[in-house]
>>> print(open('my_file18.csv').read())   # CSV, C-alpha atoms
chain,number,residue,atom,x,y,z
Y,7,MET,CA,-15.5,4.2,-35.5
Y,8,ARG,CA,-13.9,7.5,-34.2
Y,9,VAL,CA,-16.7,7.8,-31.7
Y,10,THR,CA,-16.2,4.3,-30.4
Y,11,THR,CA,-12.4,5.0,-30.0
Y,12,ASP,CA,-13.1,8.2,-28.2
Y,13,ARG,CA,-15.4,6.5,-25.8
Y,14,SER,CA,-12.9,3.6,-25.2
Y,15,LEU,CA,-10.3,6.3,-24.4
Y,16,SER,CA,-12.5,8.2,-22.1
Y,17,LEU,CA,-13.6,5.0,-20.3
Y,18,SER,CA,-10.0,3.8,-20.0
Y,19,LEU,CA,-8.9,7.1,-18.4
Y,20,ARG,CA,-11.8,6.9,-15.9
Y,21,LEU,CA,-11.1,3.3,-15.1
Y,22,TYR,CA,-7.4,3.9,-14.8
Y,23,ARG,CA,-8.0,6.8,-12.3
Y,24,SER,CA,-10.2,4.7,-10.2
Y,25,LEU,CA,-7.7,1.8,-10.1
Y,26,LEU,CA,-5.1,4.3,-8.8
Y,27,ARG,CA,-6.9,4.0,-5.4
Y,28,ALA,CA,-4.7,0.9,-4.9
Y,29,TYR,CA,-1.8,3.3,-4.1
Y,30,PRO,CA,-1.3,5.0,-0.7
Y,31,ALA,CA,-3.1,8.3,-0.4
Y,32,ALA,CA,0.1,10.2,0.2
Y,33,PHE,CA,1.6,8.9,-3.0
Y,34,LEU,CA,-1.5,9.8,-5.0
Y,35,ALA,CA,-1.5,13.3,-3.5
Y,36,GLU,CA,1.8,13.9,-5.3
Y,37,PHE,CA,1.6,11.7,-8.4
Y,38,GLU,CA,-2.0,11.0,-9.3
Y,39,ASP,CA,-2.2,13.6,-12.1
Y,40,LEU,CA,1.2,12.7,-13.5
Y,41,LEU,CA,0.2,9.0,-13.6
Y,42,CYS,CA,-3.1,9.8,-15.4
Y,43,GLN,CA,-1.3,12.0,-17.8
Y,44,ALA,CA,1.3,9.4,-18.6
Y,45,PHE,CA,-1.4,6.7,-19.1
Y,46,GLY,CA,-3.4,9.2,-21.2
Y,47,ASP,CA,-0.3,9.7,-23.4
Y,48,LEU,CA,0.3,6.0,-23.8
Y,49,ALA,CA,-3.4,5.3,-24.5
Y,50,HIS,CA,-3.6,8.0,-27.2
Y,51,ARG,CA,-0.5,6.6,-28.9
Y,52,ALA,CA,-1.8,3.0,-28.6
Y,53,VAL,CA,-5.1,4.0,-30.2
Y,54,ARG,CA,-3.4,6.1,-32.9
Y,55,THR,CA,-1.1,3.3,-34.0
Y,56,LYS,CA,-3.2,0.1,-33.4
Y,57,GLY,CA,-6.7,1.2,-32.6
Y,58,ASN,CA,-8.7,-0.5,-29.9
Y,59,TRP,CA,-6.4,-3.6,-30.0
Y,60,GLY,CA,-3.6,-1.3,-29.0
Y,61,LEU,CA,-5.6,-0.1,-26.1
Y,62,LEU,CA,-6.3,-3.6,-25.0
Y,63,ALA,CA,-2.6,-4.5,-25.2
Y,64,LEU,CA,-1.9,-1.4,-23.1
Y,65,TRP,CA,-4.4,-2.5,-20.4
Y,66,MET,CA,-2.7,-6.0,-20.4
Y,67,ARG,CA,0.5,-4.3,-19.4
Y,68,SER,CA,-1.0,-1.6,-17.1
Y,69,ILE,CA,-2.9,-3.9,-14.7
Y,70,PRO,CA,0.2,-5.8,-13.6
Y,71,ASP,CA,2.1,-2.5,-13.5
Y,72,ILE,CA,-0.5,-1.0,-11.1
Y,73,MET,CA,-0.7,-4.1,-9.0
Y,74,ASN,CA,3.1,-4.5,-8.6
Y,75,SER,CA,4.0,-0.9,-8.0
Y,76,ALA,CA,1.0,-0.2,-5.7
Y,77,LEU,CA,1.8,-3.2,-3.6
Y,78,ARG,CA,5.5,-2.2,-3.4
Y,79,GLU,CA,4.6,1.4,-2.6
Y,80,ARG,CA,2.2,0.3,0.1
Y,81,PHE,CA,4.9,-1.8,1.8
Y,82,HIS,CA,7.5,0.9,1.4
Y,83,SER,CA,5.3,3.7,2.4
Y,84,ALA,CA,6.9,4.1,5.8
Y,85,SER,CA,5.0,7.2,6.7
Y,86,ASP,CA,1.6,5.5,6.3
Y,87,TRP,CA,2.7,2.5,8.3
Y,88,SER,CA,4.3,4.7,11.0
Y,89,PHE,CA,1.0,6.6,11.3
Y,90,ARG,CA,-1.0,3.3,11.5
Y,91,LEU,CA,1.3,1.7,14.0
Y,92,ARG,CA,1.4,4.8,16.2
Y,93,TRP,CA,-2.4,5.1,16.2
Y,94,ILE,CA,-2.9,1.4,17.1
Y,95,LEU,CA,-0.3,1.7,19.8
Y,96,ALA,CA,-1.9,4.8,21.2
Y,97,CYS,CA,-5.3,3.1,21.4
Y,98,SER,CA,-3.9,0.0,22.9
Y,99,ILE,CA,-2.2,1.9,25.6
Y,100,ALA,CA,-5.0,4.3,26.1
Y,101,ILE,CA,-7.7,1.8,27.1
Y,102,PRO,CA,-5.9,-0.3,29.7
Y,103,THR,CA,-4.0,2.6,31.3
Y,104,PRO,CA,-7.1,3.9,33.2
Y,105,PHE,CA,-7.7,0.4,34.5
Y,106,ALA,CA,-4.1,0.2,35.7
Y,107,LEU,CA,-4.5,3.6,37.4
Y,108,ILE,CA,-7.7,2.6,39.0
Y,109,PHE,CA,-6.1,-0.4,40.6
Y,110,LEU,CA,-3.8,2.0,42.4
Y,111,GLY,CA,-7.0,2.9,44.3
Y,112,LYS,CA,-6.3,-0.3,46.2
Y,113,PHE,CA,-3.3,1.3,47.7
Y,114,ILE,CA,-4.7,4.7,48.5
Y,115,PRO,CA,-6.7,5.6,51.6
Y,116,ARG,CA,-10.2,4.1,51.8
Y,117,LYS,CA,-12.1,7.4,51.7
Y,118,LEU,CA,-10.3,8.5,48.5
Y,119,GLY,CA,-10.6,5.0,47.1
Y,120,MET,CA,-14.4,5.1,47.4
Y,121,LEU,CA,-14.4,7.7,44.7
Y,122,PHE,CA,-13.5,5.0,42.2
Y,123,ASP,CA,-15.9,2.5,43.6
Y,124,SER,CA,-19.2,2.4,41.6
Y,125,SER,CA,-21.0,0.6,44.4
Y,126,SER,CA,-20.5,3.5,46.8
Y,127,ASP,CA,-22.7,6.5,47.4
Y,128,PHE,CA,-20.4,8.5,45.1
Y,129,VAL,CA,-21.7,6.5,42.1
Y,130,THR,CA,-22.3,9.5,39.8
Y,131,PHE,CA,-19.1,11.1,40.8
Y,132,ALA,CA,-17.2,7.8,40.4
Y,133,PHE,CA,-18.8,7.3,37.0
Y,134,LEU,CA,-17.8,10.8,35.8
Y,135,LEU,CA,-14.3,10.4,37.2
Y,136,SER,CA,-13.6,7.0,35.7
Y,137,THR,CA,-15.1,7.9,32.3
Y,138,SER,CA,-13.2,11.2,32.2
Y,139,LEU,CA,-10.0,9.3,33.0
Y,140,HIS,CA,-10.7,7.0,30.1
Y,141,GLY,CA,-11.4,10.0,27.9
Y,142,LEU,CA,-8.4,11.9,29.0
Y,143,THR,CA,-5.9,9.1,28.4
Y,144,SER,CA,-7.4,8.1,25.1
Y,145,GLY,CA,-7.7,11.7,23.9
Y,146,TYR,CA,-4.2,12.7,25.0
Y,147,LEU,CA,-2.4,9.7,23.5
Y,148,GLN,CA,-4.4,9.8,20.3
Y,149,SER,CA,-3.8,13.5,19.9
Y,150,ARG,CA,-0.1,12.9,20.0
Y,151,VAL,CA,-0.4,10.8,16.8
Y,152,PHE,CA,-2.0,13.6,14.8
Y,153,GLY,CA,0.9,16.0,14.9
Y,154,TRP,CA,-1.5,18.9,15.3
Y,155,LYS,CA,-0.8,22.2,17.1
Y,156,ARG,CA,-1.5,22.4,20.8
Y,157,PRO,CA,-4.9,24.1,20.7
Y,158,ARG,CA,-6.4,21.5,18.4
Y,159,ARG,CA,-4.9,18.7,20.4
Y,160,PHE,CA,-6.5,20.2,23.5
Y,161,LEU,CA,-9.8,20.3,21.6
Y,162,TRP,CA,-9.4,16.6,20.7
Y,163,VAL,CA,-8.9,15.7,24.3
Y,164,LEU,CA,-11.9,17.7,25.4
Y,165,ALA,CA,-14.0,16.2,22.6
Y,166,THR,CA,-12.9,12.7,23.7
Y,167,ILE,CA,-13.8,13.3,27.3
Y,168,ALA,CA,-17.2,14.7,26.4
Y,169,GLY,CA,-17.8,12.0,23.9
Y,170,MET,CA,-16.9,9.2,26.3
Y,171,ILE,CA,-19.2,10.6,29.1
Y,172,SER,CA,-22.0,11.1,26.6
Y,173,ALA,CA,-21.7,7.6,25.2
Y,174,MET,CA,-21.5,5.9,28.6
Y,175,ALA,CA,-24.4,8.1,30.0
Y,176,LEU,CA,-26.6,7.2,27.0
Y,177,LEU,CA,-25.9,3.6,27.5
Y,178,ARG,CA,-26.9,3.8,31.1
Y,179,ALA,CA,-29.9,6.1,30.6
Y,180,PHE,CA,-31.4,4.1,27.7
Y,181,PHE,CA,-30.8,0.7,29.2
Y,182,PRO,CA,-34.3,-0.5,28.0
Y,183,LEU,CA,-33.1,0.3,24.4
Y,184,GLN,CA,-31.1,-2.9,24.6
Y,185,THR,CA,-34.2,-5.1,24.7
Y,186,LEU,CA,-35.4,-3.4,21.6
Y,187,ILE,CA,-32.4,-3.4,19.3
Y,188,GLY,CA,-30.1,-5.8,21.1
Y,189,ARG,CA,-27.1,-5.0,23.2
Y,190,ALA,CA,-24.7,-4.6,20.3
Y,191,GLY,CA,-27.1,-2.3,18.5
Y,192,ALA,CA,-27.5,-0.1,21.6
Y,193,GLN,CA,-23.8,0.0,22.1
Y,194,ILE,CA,-23.2,1.1,18.5
Y,195,LEU,CA,-25.9,3.7,18.8
Y,196,CYS,CA,-24.6,5.1,22.1
Y,197,ALA,CA,-21.0,5.0,21.0
Y,198,SER,CA,-21.8,7.1,18.0
Y,199,ALA,CA,-22.1,10.0,20.4
Y,200,LEU,CA,-18.3,9.9,20.8
Y,201,GLY,CA,-18.0,9.7,17.0
Y,202,ILE,CA,-20.2,12.8,16.5
Y,203,ILE,CA,-18.4,14.9,19.0
Y,204,GLN,CA,-14.9,13.9,17.8
Y,205,SER,CA,-15.9,14.4,14.2
Y,206,LEU,CA,-16.6,18.1,14.9
Y,207,VAL,CA,-12.9,18.5,15.6
Y,208,LEU,CA,-12.0,16.4,12.5
Y,209,MET,CA,-14.5,18.3,10.4
Y,210,ARG,CA,-12.1,21.3,10.2
Y,211,LYS,CA,-9.8,19.0,8.3
Y,212,SER,CA,-12.2,17.5,5.9
Y,213,VAL,CA,-16.0,16.9,5.4
Y,214,ARG,CA,-15.0,13.2,5.2
Y,215,ALA,CA,-15.1,13.4,9.0
Y,216,VAL,CA,-18.7,12.1,8.9
Y,217,VAL,CA,-17.2,8.7,8.2
Y,218,TRP,CA,-15.6,8.9,11.7
Y,219,ILE,CA,-19.1,8.5,13.3
Y,220,PRO,CA,-19.9,4.9,12.2
Y,221,ALA,CA,-16.2,4.0,12.3
Y,222,THR,CA,-15.7,4.9,15.9
Y,223,ALA,CA,-19.2,3.7,16.9
Y,224,ILE,CA,-18.4,0.2,15.6
Y,225,GLY,CA,-14.8,0.4,17.0
Y,226,ILE,CA,-16.0,1.3,20.5
Y,227,ALA,CA,-18.9,-1.2,20.5
Y,228,VAL,CA,-16.4,-4.0,19.5
Y,229,ALA,CA,-14.0,-2.9,22.2
Y,230,TRP,CA,-16.8,-3.0,24.8
Y,231,ARG,CA,-17.8,-6.4,23.6
Y,232,ILE,CA,-14.3,-7.7,24.0
Y,233,ARG,CA,-14.1,-6.3,27.5
Y,234,GLU,CA,-17.5,-7.8,28.4
Y,235,ALA,CA,-16.4,-11.2,27.0
Y,236,MET,CA,-13.8,-11.3,29.8
Y,237,PRO,CA,-15.2,-13.3,32.7
Y,238,PHE,CA,-13.6,-11.0,35.3
Y,239,VAL,CA,-15.0,-7.7,34.0
Y,240,HIS,CA,-17.7,-7.3,36.6
Y,241,LEU,CA,-15.4,-7.8,39.6
Y,242,PRO,CA,-15.5,-4.9,42.0
Y,243,ILE,CA,-12.6,-2.6,41.6
Y,244,ARG,CA,-11.9,-2.3,45.2
Y,245,GLY,CA,-11.7,-5.5,47.1
Y,246,ASP,CA,-9.4,-8.4,47.2
Y,247,ILE,CA,-8.2,-8.6,43.7
Y,248,GLY,CA,-5.0,-10.5,43.2
Y,249,ALA,CA,-2.2,-9.4,40.9
Y,250,ASP,CA,-3.2,-12.1,38.4
Y,251,THR,CA,-6.8,-10.8,38.1
Y,252,ALA,CA,-5.5,-7.2,37.8
Y,253,PHE,CA,-3.2,-8.3,35.0
Y,254,LEU,CA,-6.0,-10.0,33.2
Y,255,ILE,CA,-8.3,-7.0,33.4
Y,256,VAL,CA,-5.5,-4.8,32.0
Y,257,LEU,CA,-4.9,-7.4,29.3
Y,258,GLY,CA,-8.7,-7.2,28.4
Y,259,GLY,CA,-8.3,-3.5,28.0
Y,260,LEU,CA,-5.2,-3.9,25.9
Y,261,LEU,CA,-7.0,-6.3,23.5
Y,262,ALA,CA,-10.0,-3.9,23.3
Y,263,GLY,CA,-7.6,-1.1,22.6
Y,264,ILE,CA,-5.9,-3.0,19.8
Y,265,ALA,CA,-9.3,-3.9,18.3
Y,266,TYR,CA,-10.5,-0.3,18.4
Y,267,GLY,CA,-7.2,0.9,16.9
Y,268,VAL,CA,-7.3,-1.6,14.0
Y,269,LEU,CA,-10.9,-0.9,13.2
Y,270,THR,CA,-10.6,2.9,13.1
Y,271,VAL,CA,-7.1,3.4,11.6
Y,272,LEU,CA,-8.1,3.2,7.9
Y,273,PRO,CA,-11.1,5.5,8.1
Y,274,LEU,CA,-9.0,8.0,10.1
Y,275,GLU,CA,-6.2,7.9,7.6
Y,276,TRP,CA,-8.7,8.5,4.8
Y,277,ILE,CA,-10.1,11.5,6.6
Y,278,LEU,CA,-6.7,13.0,7.6
Y,279,LEU,CA,-4.4,12.4,4.6
Y,280,PRO,CA,-4.5,15.3,2.1
Y,281,ARG,CA,-5.6,15.0,-1.4
Y,282,ALA,CA,-4.0,17.6,-3.7
Y,283,VAL,CA,-6.0,16.9,-6.8
Y,284,PRO,CA,-9.7,16.7,-7.6
Y,285,ASP,CA,-11.4,13.6,-8.9
Y,286,ALA,CA,-11.8,15.0,-12.4
Y,287,VAL,CA,-10.7,12.9,-15.4
Y,288,PRO,CA,-7.8,14.6,-17.1
Y,289,ASP,CA,-7.8,15.2,-20.9
Y,290,GLY,CA,-4.5,13.3,-21.1
Y,291,SER,CA,-4.3,14.2,-24.7
Y,292,THR,CA,-1.0,16.0,-24.7
Y,293,GLU,CA,1.4,13.5,-26.1
Y,294,ALA,CA,5.0,14.8,-26.3
Y,295,SER,CA,6.2,15.3,-29.8
S,20,MET,CA,29.4,6.9,-0.3
S,21,PHE,CA,27.3,6.1,-3.4
S,22,GLU,CA,28.1,2.3,-3.2
S,23,GLU,CA,25.2,1.9,-0.8
S,24,TYR,CA,22.8,2.4,-3.7
S,25,LEU,CA,24.3,-0.4,-5.7
S,26,PRO,CA,23.1,-2.6,-7.4
S,27,LEU,CA,20.4,-0.4,-8.9
S,28,ASN,CA,17.2,-2.1,-9.8
S,29,HIS,CA,16.2,-2.3,-13.5
S,30,ALA,CA,13.8,0.6,-13.6
S,31,ASP,CA,16.0,3.0,-11.6
S,32,PHE,CA,19.0,2.2,-13.9
S,33,HIS,CA,17.0,2.9,-17.0
S,34,ILE,CA,15.5,6.2,-15.6
S,35,LEU,CA,18.9,7.4,-14.6
S,36,LEU,CA,20.3,6.5,-18.0
S,37,ALA,CA,17.5,8.3,-19.7
S,38,LEU,CA,18.3,11.4,-17.7
S,39,ALA,CA,22.0,11.2,-18.3
S,40,ASP,CA,22.0,13.4,-21.4
S,41,ASP,CA,18.9,15.5,-21.0
S,42,GLU,CA,16.2,16.7,-18.8
S,43,ARG,CA,13.0,14.8,-19.5
S,44,HIS,CA,9.4,14.5,-18.2
S,45,GLY,CA,7.8,11.1,-17.2
S,46,TYR,CA,6.4,10.2,-20.6
S,47,ALA,CA,9.6,11.2,-22.4
S,48,ILE,CA,11.5,8.9,-20.1
S,49,MET,CA,9.2,6.0,-20.9
S,50,LEU,CA,9.6,6.6,-24.7
S,51,HIS,CA,13.3,7.0,-24.4
S,52,VAL,CA,13.7,3.7,-22.4
S,53,GLU,CA,11.5,1.9,-25.0
S,54,GLU,CA,13.5,3.3,-27.9
S,55,LEU,CA,16.9,2.6,-26.3
S,56,THR,CA,16.0,-1.0,-25.5
S,57,GLU,CA,14.3,-1.5,-28.9
S,58,GLY,CA,11.0,-2.2,-27.1
S,59,ALA,CA,12.4,-4.8,-24.8
S,60,VAL,CA,11.8,-2.7,-21.7
S,61,ARG,CA,8.5,-0.8,-21.3
S,62,LEU,CA,8.1,1.1,-18.1
S,63,GLY,CA,4.5,1.5,-17.0
S,64,PRO,CA,3.4,4.7,-15.4
S,65,GLY,CA,3.1,3.0,-12.0
S,66,THR,CA,6.7,1.6,-12.1
S,67,LEU,CA,8.0,4.9,-13.5
S,68,TYR,CA,6.6,7.2,-10.8
S,69,THR,CA,7.2,4.9,-7.8
S,70,SER,CA,10.9,4.8,-9.0
S,71,ILE,CA,10.9,8.6,-9.6
S,72,LYS,CA,9.6,9.1,-6.1
S,73,ARG,CA,12.4,6.9,-4.6
S,74,LEU,CA,15.1,8.5,-6.8
S,75,LEU,CA,13.9,12.0,-5.7
S,76,GLY,CA,13.9,10.9,-2.1
S,77,SER,CA,17.5,9.6,-2.3
S,78,GLY,CA,18.6,12.7,-4.1
S,79,MET,CA,19.7,10.9,-7.3
S,80,ILE,CA,17.4,13.0,-9.4
S,81,THR,CA,15.9,16.4,-8.9
S,82,GLU,CA,12.9,18.2,-10.3
S,83,SER,CA,13.9,20.7,-12.9
S,84,ALA,CA,12.5,24.2,-13.2
S,85,LEU,CA,12.2,23.7,-16.9
S,86,ARG,CA,8.7,24.2,-18.3
S,87,PRO,CA,7.8,23.7,-21.9
S,88,ASP,CA,6.2,26.5,-24.0
S,89,ALA,CA,2.4,26.3,-23.4
S,90,GLU,CA,1.8,26.1,-27.2
S,91,LEU,CA,4.1,23.1,-27.6
S,92,ASP,CA,3.4,21.0,-24.7
S,93,ASP,CA,1.4,20.6,-21.5
S,94,GLN,CA,2.7,22.9,-18.8
S,95,ARG,CA,1.6,20.6,-16.0
S,96,ARG,CA,4.4,18.2,-17.0
S,97,ARG,CA,7.3,17.9,-14.5
S,98,TYR,CA,10.8,17.6,-15.8
S,99,TYR,CA,13.5,15.7,-14.0
S,100,LYS,CA,17.3,15.9,-14.2
S,101,LEU,CA,20.2,13.8,-12.9
S,102,SER,CA,21.9,15.1,-9.8
S,103,LYS,CA,25.6,14.9,-9.1
S,104,LEU,CA,25.0,11.9,-6.8
S,105,GLY,CA,22.8,10.3,-9.5
S,106,GLY,CA,25.6,10.7,-12.1
S,107,LYS,CA,28.1,9.0,-9.8
S,108,VAL,CA,25.7,6.1,-8.9
S,109,LEU,CA,24.9,5.6,-12.6
S,110,ALA,CA,28.6,5.6,-13.5
S,111,ALA,CA,29.4,3.1,-10.7
S,112,GLU,CA,26.5,0.9,-11.8
S,113,ALA,CA,27.6,1.0,-15.4
S,114,GLY,CA,31.1,0.1,-14.2
S,115,ARG,CA,29.8,-2.8,-12.1
S,116,MET,CA,27.8,-4.1,-15.1
S,117,GLU,CA,30.8,-3.8,-17.3
S,118,ARG,CA,32.9,-5.9,-15.0
S,119,MET,CA,30.1,-8.5,-14.7
S,120,LEU,CA,30.0,-8.6,-18.5
S,121,LYS,CA,33.8,-9.1,-18.7
S,122,HIS,CA,33.6,-11.9,-16.2
S,123,ALA,CA,30.7,-13.5,-18.2
S,124,ARG,CA,32.8,-13.3,-21.4
S,125,SER,CA,35.8,-14.8,-19.7
S,126,LYS,CA,33.7,-17.8,-18.8
S,127,ARG,CA,32.8,-18.3,-22.4
S,128,VAL,CA,29.1,-18.0,-21.9
S,129,PRO,CA,27.4,-18.6,-25.2
S,130,ARG,CA,26.3,-15.4,-26.8
S,131,VAL,CA,22.7,-14.8,-27.8
S,132,VAL,CA,22.5,-13.5,-31.3
>>> encode(input="my_file18.csv", output="structure tokens")
Amino acid sequence: MRVTTDRSLSLSLRLYRSLLRAYPAAFLAEFEDLLCQAFGDLAHRAVRTKGNWGLLALWMRSIPDIMNSALRERFHSASDWSFRLRWILACSIAIPTPFALIFLGKFIPRKLGMLFDSSSDFVTFAFLLSTSLHGLTSGYLQSRVFGWKRPRRFLWVLATIAGMISAMALLRAFFPLQTLIGRAGAQILCASALGIIQSLVLMRKSVRAVVWIPATAIGIAVAWRIREAMPFVHLPIRGDIGADTAFLIVLGGLLAGIAYGVLTVLPLEWILLPRAVPDAVPDGSTEAS
Amino acid sequence: MFEEYLPLNHADFHILLALADDERHGYAIMLHVEELTEGAVRLGPGTLYTSIKRLLGSGMITESALRPDAELDDQRRRYYKLSKLGGKVLAAEAGRMERMLKHARSKRVPRVV
């Protein structure tokens, strides 16, 4: 009987700790051990006074308690929401901004404007310039969200530029890959180059950074698909583009940026937010006298 | 200044009340509230610590440096105490409730025995 009770207690403590994932990470970093300790104390008292039935009654109270308080904490966790909103905002500005800048090419002298025109002889240079511009705006705006020191922010910008160029170059170089694994598959595979390079910067924060590779690959691939779904995406950049078309192209970038931001924010938060305590199950057996 | 915190929610009021006469750790607060309300109010750990986080943030309670003797209790426990602001808010809330009760009695609301 005693063995059964001990097992129920141990199982309850493990289950309780895993249910605590419902709370925001920042809250858990501070209170996870204390929550487990308090639940452990309650569980020991319940078992001592009423056996397994007491434990069952405790669970009947604890599940609504976790659900209510976790939901409230998530909605009131201003720092989490602020981080999420700033990340999504940075991504949604970062993608359409280069398009808007490139449109300025319409108003600059023709020779200089040719640098941005992929149909010209400067195709390689144009590709590098436009991809670098995307990497620069994305990297810079995203790095502002992290609150890191300047050297690491600079590293993030460099990693984003290098990642963007690698991803786009891979997509062009391995064009036949698309017939083998489909366009979406090829895009995910190539976009993972960006994830790999950026994760090297994130890796210094946590080994969880490996999650960034699939997250950003899927995010970028979805953003590309959204841009491609726009009927006007293949229009030449230089040429007679009206303000309406320019607006729609920037809008396409904005939608792609929002999608990328939404898809990547939770994995990023998981990688970046600190965890002060290990995943071990506490003994929780120290009931106050 | 402290009126902005009123009315207090149920859990916050009970936590402040539990800390009014002594410094306590989380589990001791839960036990005290249960005892004081004769089992009518049972704060769960989730409700307790989300309230404690909020009360710490607003400065109504502070973490105490008090640590129990390692032989008597777990030293990882954190003790909390009422701050000056917390005391004023608690007194104001108790006064508000007292006035409400007075009004209710003047209306001849039937008493629950």
>>> atom_distance(input="my_file18.csv", atom1="atom CA of Asp12 of chain Y", atom2="atom CA of Gly46 of chain Y")
12.0 Å
>>> interface_residues(input="my_file18.csv", of="chain S", to="chain Y", cutoff="8 Å", atoms="all atoms listed in the file", output="ChimeraX atom specification")
/S:45-47,63-66,68-69,92-93,96
>>> atom_distance(input="my_file18.csv", atom1="atom CA of Tyr99 of chain S", atom2="atom CA of Arg43 of chain S")
5.6 Å
>>> residues_around(input="my_file18.csv", residues="segment 75-77 of chain S", least_positions_apart="3", cutoff="12 Å", atoms="all atoms listed in the file", output="list in words")
Phe21, Glu23, Tyr24, Asp31, Ile34, Leu35, Tyr68, Thr69, Ser70, Ile71, Lys72, Ile80, Thr81, Glu82, Ser83, Tyr98, Tyr99, Lys100, Leu101, Ser102, Lys103, Leu104, Gly105 and Val108 of chain S
>>> write_last_selection(input="my_file18.csv", atoms="C-alpha atoms", output="PDB file, in the coordinates of the input")
ATOM      1  CA  PHE S  21      27.300   6.100  -3.400  1.00  0.00           C
ATOM      2  CA  GLU S  23      25.200   1.900  -0.800  1.00  0.00           C
ATOM      3  CA  TYR S  24      22.800   2.400  -3.700  1.00  0.00           C
ATOM      4  CA  ASP S  31      16.000   3.000 -11.600  1.00  0.00           C
ATOM      5  CA  ILE S  34      15.500   6.200 -15.600  1.00  0.00           C
ATOM      6  CA  LEU S  35      18.900   7.400 -14.600  1.00  0.00           C
ATOM      7  CA  TYR S  68       6.600   7.200 -10.800  1.00  0.00           C
ATOM      8  CA  THR S  69       7.200   4.900  -7.800  1.00  0.00           C
ATOM      9  CA  SER S  70      10.900   4.800  -9.000  1.00  0.00           C
ATOM     10  CA  ILE S  71      10.900   8.600  -9.600  1.00  0.00           C
ATOM     11  CA  LYS S  72       9.600   9.100  -6.100  1.00  0.00           C
ATOM     12  CA  ILE S  80      17.400  13.000  -9.400  1.00  0.00           C
ATOM     13  CA  THR S  81      15.900  16.400  -8.900  1.00  0.00           C
ATOM     14  CA  GLU S  82      12.900  18.200 -10.300  1.00  0.00           C
ATOM     15  CA  SER S  83      13.900  20.700 -12.900  1.00  0.00           C
ATOM     16  CA  TYR S  98      10.800  17.600 -15.800  1.00  0.00           C
ATOM     17  CA  TYR S  99      13.500  15.700 -14.000  1.00  0.00           C
ATOM     18  CA  LYS S 100      17.300  15.900 -14.200  1.00  0.00           C
ATOM     19  CA  LEU S 101      20.200  13.800 -12.900  1.00  0.00           C
ATOM     20  CA  SER S 102      21.900  15.100  -9.800  1.00  0.00           C
ATOM     21  CA  LYS S 103      25.600  14.900  -9.100  1.00  0.00           C
ATOM     22  CA  LEU S 104      25.000  11.900  -6.800  1.00  0.00           C
ATOM     23  CA  GLY S 105      22.800  10.300  -9.500  1.00  0.00           C
ATOM     24  CA  VAL S 108      25.700   6.100  -8.900  1.00  0.00           C
TER      25      VAL S 108
END
>>> atom_distance(input="my_file18.csv", atom1="atom CA of Lys56 of chain Y", atom2="atom CA of Thr11 of chain Y")
11.0 Å
>>> closest_atom_pairs(input="my_file18.csv", of="segment 27-88 of chain S", to="segment 112-125 of chain S", cutoff="10 Å", atoms="all atoms listed in the file", output="JSON lines")
{"residue": "S:Leu27", "atom": "CA", "partner": "S:Glu112", "partner_atom": "CA", "distance": 6.9}
{"residue": "S:Asn28", "atom": "CA", "partner": "S:Glu112", "partner_atom": "CA", "distance": 10.0}
{"residue": "S:Phe32", "atom": "CA", "partner": "S:Glu112", "partner_atom": "CA", "distance": 7.9}
{"residue": "S:Leu36", "atom": "CA", "partner": "S:Ala113", "partner_atom": "CA", "distance": 9.5}
>>> residues_near_point(input="my_file18.csv", point="(-4.6, 0.0, 9.4)", cutoff="9 Å", atoms="only C-alpha atoms", output="list in words")
Asp86, Trp87, Phe89, Arg90, Leu91, Trp93, Ile94, Gly267, Val268, Leu269, Thr270, Val271, Leu272, Pro273 and Glu275 of chain Y
>>> closest_residue(input="my_file18.csv", among="Y:Gly145, Y:Pro157, Y:Pro30, Y:Pro102", to="Ala229 of chain Y", atoms="all atoms listed in the file")
Y:Pro102
>>> residues_around(input="my_file18.csv", residues="Leu61 of chain Y", least_positions_apart="5", cutoff="9 Å", atoms="all atoms listed in the file", output="PyMOL selection string")
chain Y and resi 14-15+18+48-53+56+66
>>> closest_residue(input="my_file18.csv", among="S:Leu38, S:Leu62, S:Ala110, S:Leu55", to="Leu74 of chain S", atoms="all atoms listed in the file")
S:Leu38
>>> axis_aligned_box(input="my_file18.csv", around="segment 50-62 of chain Y", padding_each_side="4 Å", output="AutoDock Vina command-line options")
--center_x -4.6 --center_y 2.2 --center_z -29.5 --size_x 16.2 --size_y 19.6 --size_z 17.0
>>> residues_around(input="my_file18.csv", residues="Gly201 of chain Y", least_positions_apart="4", cutoff="9 Å", atoms="all atoms listed in the file", output="PyMOL selection string")
chain Y and resi 166+169+197+205-206+216-223
>>> write_last_selection(input="my_file18.csv", atoms="C-alpha atoms", output="PDB file, in the frame of the given file")
ATOM      1  CA  THR Y 166     -12.900  12.700  23.700  1.00  0.00           C
ATOM      2  CA  GLY Y 169     -17.800  12.000  23.900  1.00  0.00           C
ATOM      3  CA  ALA Y 197     -21.000   5.000  21.000  1.00  0.00           C
ATOM      4  CA  SER Y 205     -15.900  14.400  14.200  1.00  0.00           C
ATOM      5  CA  LEU Y 206     -16.600  18.100  14.900  1.00  0.00           C
ATOM      6  CA  VAL Y 216     -18.700  12.100   8.900  1.00  0.00           C
ATOM      7  CA  VAL Y 217     -17.200   8.700   8.200  1.00  0.00           C
ATOM      8  CA  TRP Y 218     -15.600   8.900  11.700  1.00  0.00           C
ATOM      9  CA  ILE Y 219     -19.100   8.500  13.300  1.00  0.00           C
ATOM     10  CA  PRO Y 220     -19.900   4.900  12.200  1.00  0.00           C
ATOM     11  CA  ALA Y 221     -16.200   4.000  12.300  1.00  0.00           C
ATOM     12  CA  THR Y 222     -15.700   4.900  15.900  1.00  0.00           C
ATOM     13  CA  ALA Y 223     -19.200   3.700  16.900  1.00  0.00           C
TER      14      ALA Y 223
END
